[in-house]
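Worksheet: the structure to be examined is printed underneath.
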Amino acid sequence: MSAAITPSRGANYARILSVAGYRPERVVTNDELCERIDSSDEWIRERSGIIERRYAAPDESVADMAVNAAGQALERAGVDPSRVGLVMLATVTHPFPTPSAAADVAHRIGATTAAAIDLSAACAGFCYGIEFGSSVIRSGGAEYVVLVGVEKLSDWIDPDDRGTAFLFADGAGAVVLGPSDEPAIGPVVWGSDGSQLEAITMTQSLIDYKLVGGEIFPALEMQGQQVFRWAVGEMAKKAAEALDAAAVSADDLDAFIPHQANMRITDAMVRALKLPEHVPVARDIAHTGNTSAASIPLAMQAMLDAGEIPHGGTALVIGFGAGLVYAAQVVTLP
Amino acid sequence: MSQEILDGLAVIVNEVAGVPVEDVQSDKSFVDDLDIDSLSMVEVVMAAEDKWGVKIPDSEVKNLTTVGDAVAFIAANQ
């Protein structure tokens with residue numbers, strides 16, 4: 001006979017308590033990148049909306065950036081690090097398969113006994129983390145969760161590839177998730193499409209590079225038009241599904257914060273969604289570039305801090321990227 | 001039939017890229033005359049697929065140089 005096991009029990013609901021961002025100091029202009037690629041400031045702005053982006057310093061790691069953003073988020077939430085039960089890092093650029101960056105970050109922010117894990121869901125990583133984090137709070141696995149979207153994509157760019165060199169950048173955005181009396185994170189609409197694995201991938205595996213070598217260190221490569229078609233055609237539908245699942249109408253939104261993939265994708269999604277004109281749309285990519293998992297929390301932090309969107313307002317977030325993978329939900333803003 | 005597709009395509013091109021409807025004529029090149037770049041072209045193609053129930057694969061899109069090419073493709077594959 002099996003012994004009776006006490007079931008786990010957590011909070012009724014979870015919410016985002018705070019958001020904070022870390023933007024590396026060094027500003028990289030389009031003109032600087034055009035010293036290596038056959039392009040121009042005007043072309044990059046037209047095709048991506050990117051005016052400039054930030055690169056981390058050579059000795060500044062994924063974990064370093066995450067510690068900064070997470071520390072700020074804890075302070076803003078007023079949560080003592082000792083009460084954090086789980087630290088998650090959504091990242092694909094921590095350069096060690098093991099140990100995780102999350103364990104290092106947990107220790108350095110003072111969450112010395114928290115569970116720690118890195119999530120690999122590329123540009124959807126932050127929204128995946130919101131679902132995991134809120135689920136853990138509701139199951140009782142943690143009272144508070146620190147979720148950081150963080151990337152140092154500058155380490156994984158081919159600076160001579162005119163299709164991607166101007167897109168990707170570095171940064172970290174963190175949230176603290178905690179218990180809530182009211183629903184504040186809607187049902188997730190998520191999934192994957194591995195048939196499009198090659199749409200965004202690496203030029204070769206690290207092992208192939210070690211064994212066979214190559215002209216360049218493995219770098220990101222992307223089929224831009226394929227990704228654009230998928231993002232605009234399919235992701236606008238998923239964003240609409242997330243609204244339906246939460247029973248929130250587009251009219252009731254205080255913010256639309258899609259992954260900052262490309263301004264043109266954002267513009268086309270807004271058209272496809274028929275988003276009402278009064279809803280503020282995140283356009284942080286202009287000065288931040290595409291920071292993958294970090295882009296949504298960075299944009300959220302920037303819009304809140306600038307007073308463009310209200311604390312406690314309702315936002316639609318959607319992350320989508322390499323895999324291909326995606327996740328969308330409606331959330332109450334911290 | 002073709003005129004109907006041309007008119008519909010002109011509306012789509014206008015919505016996607018702000019090109020005046022009357023400028024969208026059969027002999028016009030999407031890139032050279034109408035200033036439609038590759039990303040806008042993808043949006044035009046997707047809207048056309050929805051409107052006429054055709055499938056226009058990425059491999060075909062690069063062959064659609066002029067507005068007339070697109071109209072002919074849609075008419076033939078509708």
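Residue names in the structure tokens use chain letters A, B, ... in the order shown, residue numbers from 1 in each chain, and ligand numbers from 1 in the order shown.
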key: Contacts of range 287-297 of chain A at 6 Å (only C-alpha atoms; same-chain gap of 6+ positions) as a PyMOL selection string   = chain A and resi 50-53+123+125-126+149-150+167-170+172-173+259-261
Take the residues from that selection and put them in a file with N, CA and C atoms, as a compact mmCIF listing (two decimals), in the first residue's frame.
```txt
# COMPACT_ATOMS: atom_id res chain seq x y z
N ILE A 50 15.65 49.95 -35.94
CA ILE A 50 16.72 50.06 -34.93
C ILE A 50 17.61 51.26 -35.25
N ILE A 51 17.76 52.13 -34.26
CA ILE A 51 18.60 53.32 -34.40
C ILE A 51 19.97 53.05 -33.75
N GLU A 52 19.94 52.37 -32.61
CA GLU A 52 21.16 52.00 -31.90
C GLU A 52 20.82 50.84 -30.98
N ARG A 53 21.86 50.19 -30.46
CA ARG A 53 21.67 49.10 -29.52
C ARG A 53 22.80 49.13 -28.52
N CYS A 123 13.63 33.70 -27.86
CA CYS A 123 12.92 34.97 -27.69
C CYS A 123 11.57 34.79 -26.99
N GLY A 125 11.45 33.01 -24.23
CA GLY A 125 11.85 32.55 -22.90
C GLY A 125 11.18 33.29 -21.76
N PHE A 126 11.02 34.61 -21.90
CA PHE A 126 10.42 35.37 -20.81
C PHE A 126 8.97 34.94 -20.59
N GLY A 149 15.04 37.66 -18.03
CA GLY A 149 15.35 37.43 -19.43
C GLY A 149 16.66 38.15 -19.70
N VAL A 150 17.66 37.43 -20.14
CA VAL A 150 18.99 38.05 -20.26
C VAL A 150 19.75 37.46 -21.44
N LEU A 167 20.74 43.38 -35.94
CA LEU A 167 19.52 43.10 -35.18
C LEU A 167 19.76 42.90 -33.69
N PHE A 168 20.75 42.05 -33.39
CA PHE A 168 20.83 41.51 -32.03
C PHE A 168 21.70 42.34 -31.10
N ALA A 169 21.34 42.28 -29.81
CA ALA A 169 22.03 43.12 -28.83
C ALA A 169 21.99 42.47 -27.45
N ASP A 170 22.45 43.22 -26.46
CA ASP A 170 22.62 42.68 -25.11
C ASP A 170 21.76 43.43 -24.10
N ALA A 172 19.39 42.87 -19.97
CA ALA A 172 18.69 41.99 -19.02
C ALA A 172 17.44 42.70 -18.51
N GLY A 173 16.36 41.94 -18.40
CA GLY A 173 15.14 42.46 -17.79
C GLY A 173 14.64 41.43 -16.78
N HIS A 259 7.50 40.72 -28.16
CA HIS A 259 8.95 40.59 -28.26
C HIS A 259 9.46 41.59 -29.30
N GLN A 260 10.54 42.27 -28.94
CA GLN A 260 11.08 43.31 -29.83
C GLN A 260 11.99 42.67 -30.88
N ALA A 261 11.36 42.00 -31.84
CA ALA A 261 12.09 41.27 -32.86
C ALA A 261 12.57 42.20 -33.96
```
Kindly determine which residues of chain A lie within 8 Å of chain B, considering only C-alpha atoms, and give the answer as a compact mmCIF listing (two decimals) with N, CA and C atoms, in the first residue's frame.
```txt
# COMPACT_ATOMS: atom_id res chain seq x y z
N ARG A 47 14.42 48.85 -42.35
CA ARG A 47 14.11 47.43 -42.28
C ARG A 47 13.85 46.90 -40.88
N GLN A 225 12.77 36.45 -44.18
CA GLN A 225 11.40 36.51 -44.74
C GLN A 225 10.52 35.42 -44.17
N GLN A 226 11.11 34.23 -43.96
CA GLN A 226 10.34 33.11 -43.38
C GLN A 226 9.87 33.46 -41.97
N PHE A 228 9.56 36.47 -40.72
CA PHE A 228 8.60 37.58 -40.82
C PHE A 228 7.20 37.05 -41.13
N ARG A 229 7.13 36.13 -42.09
CA ARG A 229 5.83 35.58 -42.49
C ARG A 229 5.18 34.84 -41.32
N VAL A 232 4.17 37.43 -38.43
CA VAL A 232 3.01 38.27 -38.74
C VAL A 232 1.76 37.41 -38.95
N GLY A 233 1.92 36.29 -39.67
CA GLY A 233 0.77 35.47 -39.99
C GLY A 233 0.25 34.68 -38.80
N ARG A 264 9.28 46.31 -37.86
CA ARG A 264 8.36 45.99 -38.97
C ARG A 264 7.43 44.84 -38.59
N ALA A 268 3.39 45.22 -38.34
CA ALA A 268 2.51 44.31 -39.08
C ALA A 268 1.59 43.54 -38.13
```
ask   = With only C-alpha atoms as the atoms that count, which of A:Thr91, A:Asn262, A:Ser8, A:Ser192 lies nearest to Ala66 in chain A?
value =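 Closest to Ala66 in chain A of all the choices is A:Thr91.
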Mind checking which residues fall within 9 Å of Gly313 in chain A, counting only C-alpha atoms, ignoring those fewer than 5 positions away in the same chain, and posting them as an mmCIF file with C-alpha atoms, in the first residue's frame?
```
data_model
loop_
_atom_site.group_PDB
_atom_site.id
_atom_site.type_symbol
_atom_site.label_atom_id
_atom_site.label_comp_id
_atom_site.auth_asym_id
_atom_site.auth_seq_id
_atom_site.Cartn_x
_atom_site.Cartn_y
_atom_site.Cartn_z
ATOM 1 C CA LEU A 253 -5.598 46.838 -23.038
ATOM 2 C CA ASP A 254 -3.272 49.451 -21.546
ATOM 3 C CA ALA A 255 -0.262 48.056 -23.407
ATOM 4 C CA VAL A 331 -0.829 40.137 -17.486
ATOM 5 C CA THR A 332 -1.513 42.837 -14.944
ATOM 6 C CA LEU A 333 1.374 45.310 -15.015
ATOM 7 C CA PRO A 334 3.391 45.683 -11.793
#
```
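Distance-wise, CA of Gly78 in chain A and CA of Val19 in chain A end up 11.7 Å apart.
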query = CA of Ala57 in chain A and CA of Trp156 in chain A are how many Å apart?
reply =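 Between these atoms lies a distance of 14.1 Å.
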task = Kindly indicate which residue among A:Glu308, A:Glu221, A:Glu46, A:Asp31 lies nearest to Ala286 in chain A, using only C-alpha atoms for the distances.
result =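 Of A:Glu308, A:Glu221, A:Glu46, A:Asp31, the one nearest Ala286 in chain A is A:Glu46, counting only C-alpha atoms.
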query = Any idea what the distance is between CA of Ile157 in chain A and CA of Gln204 in chain A?
reply = 12.6 Å
inquiry  = If we count only C-alpha atoms and set the cut-off at 12 Å, which residues sit around Leu177 in chain A, ignoring sequence neighbours fewer than 3 positions away in its own chain? Please answer as a PyMOL selection string.
reply    = chain A and resi 11+13-19+70+73-74+76-79+83-88+129-138+142-148+174+180+184-185+331-334
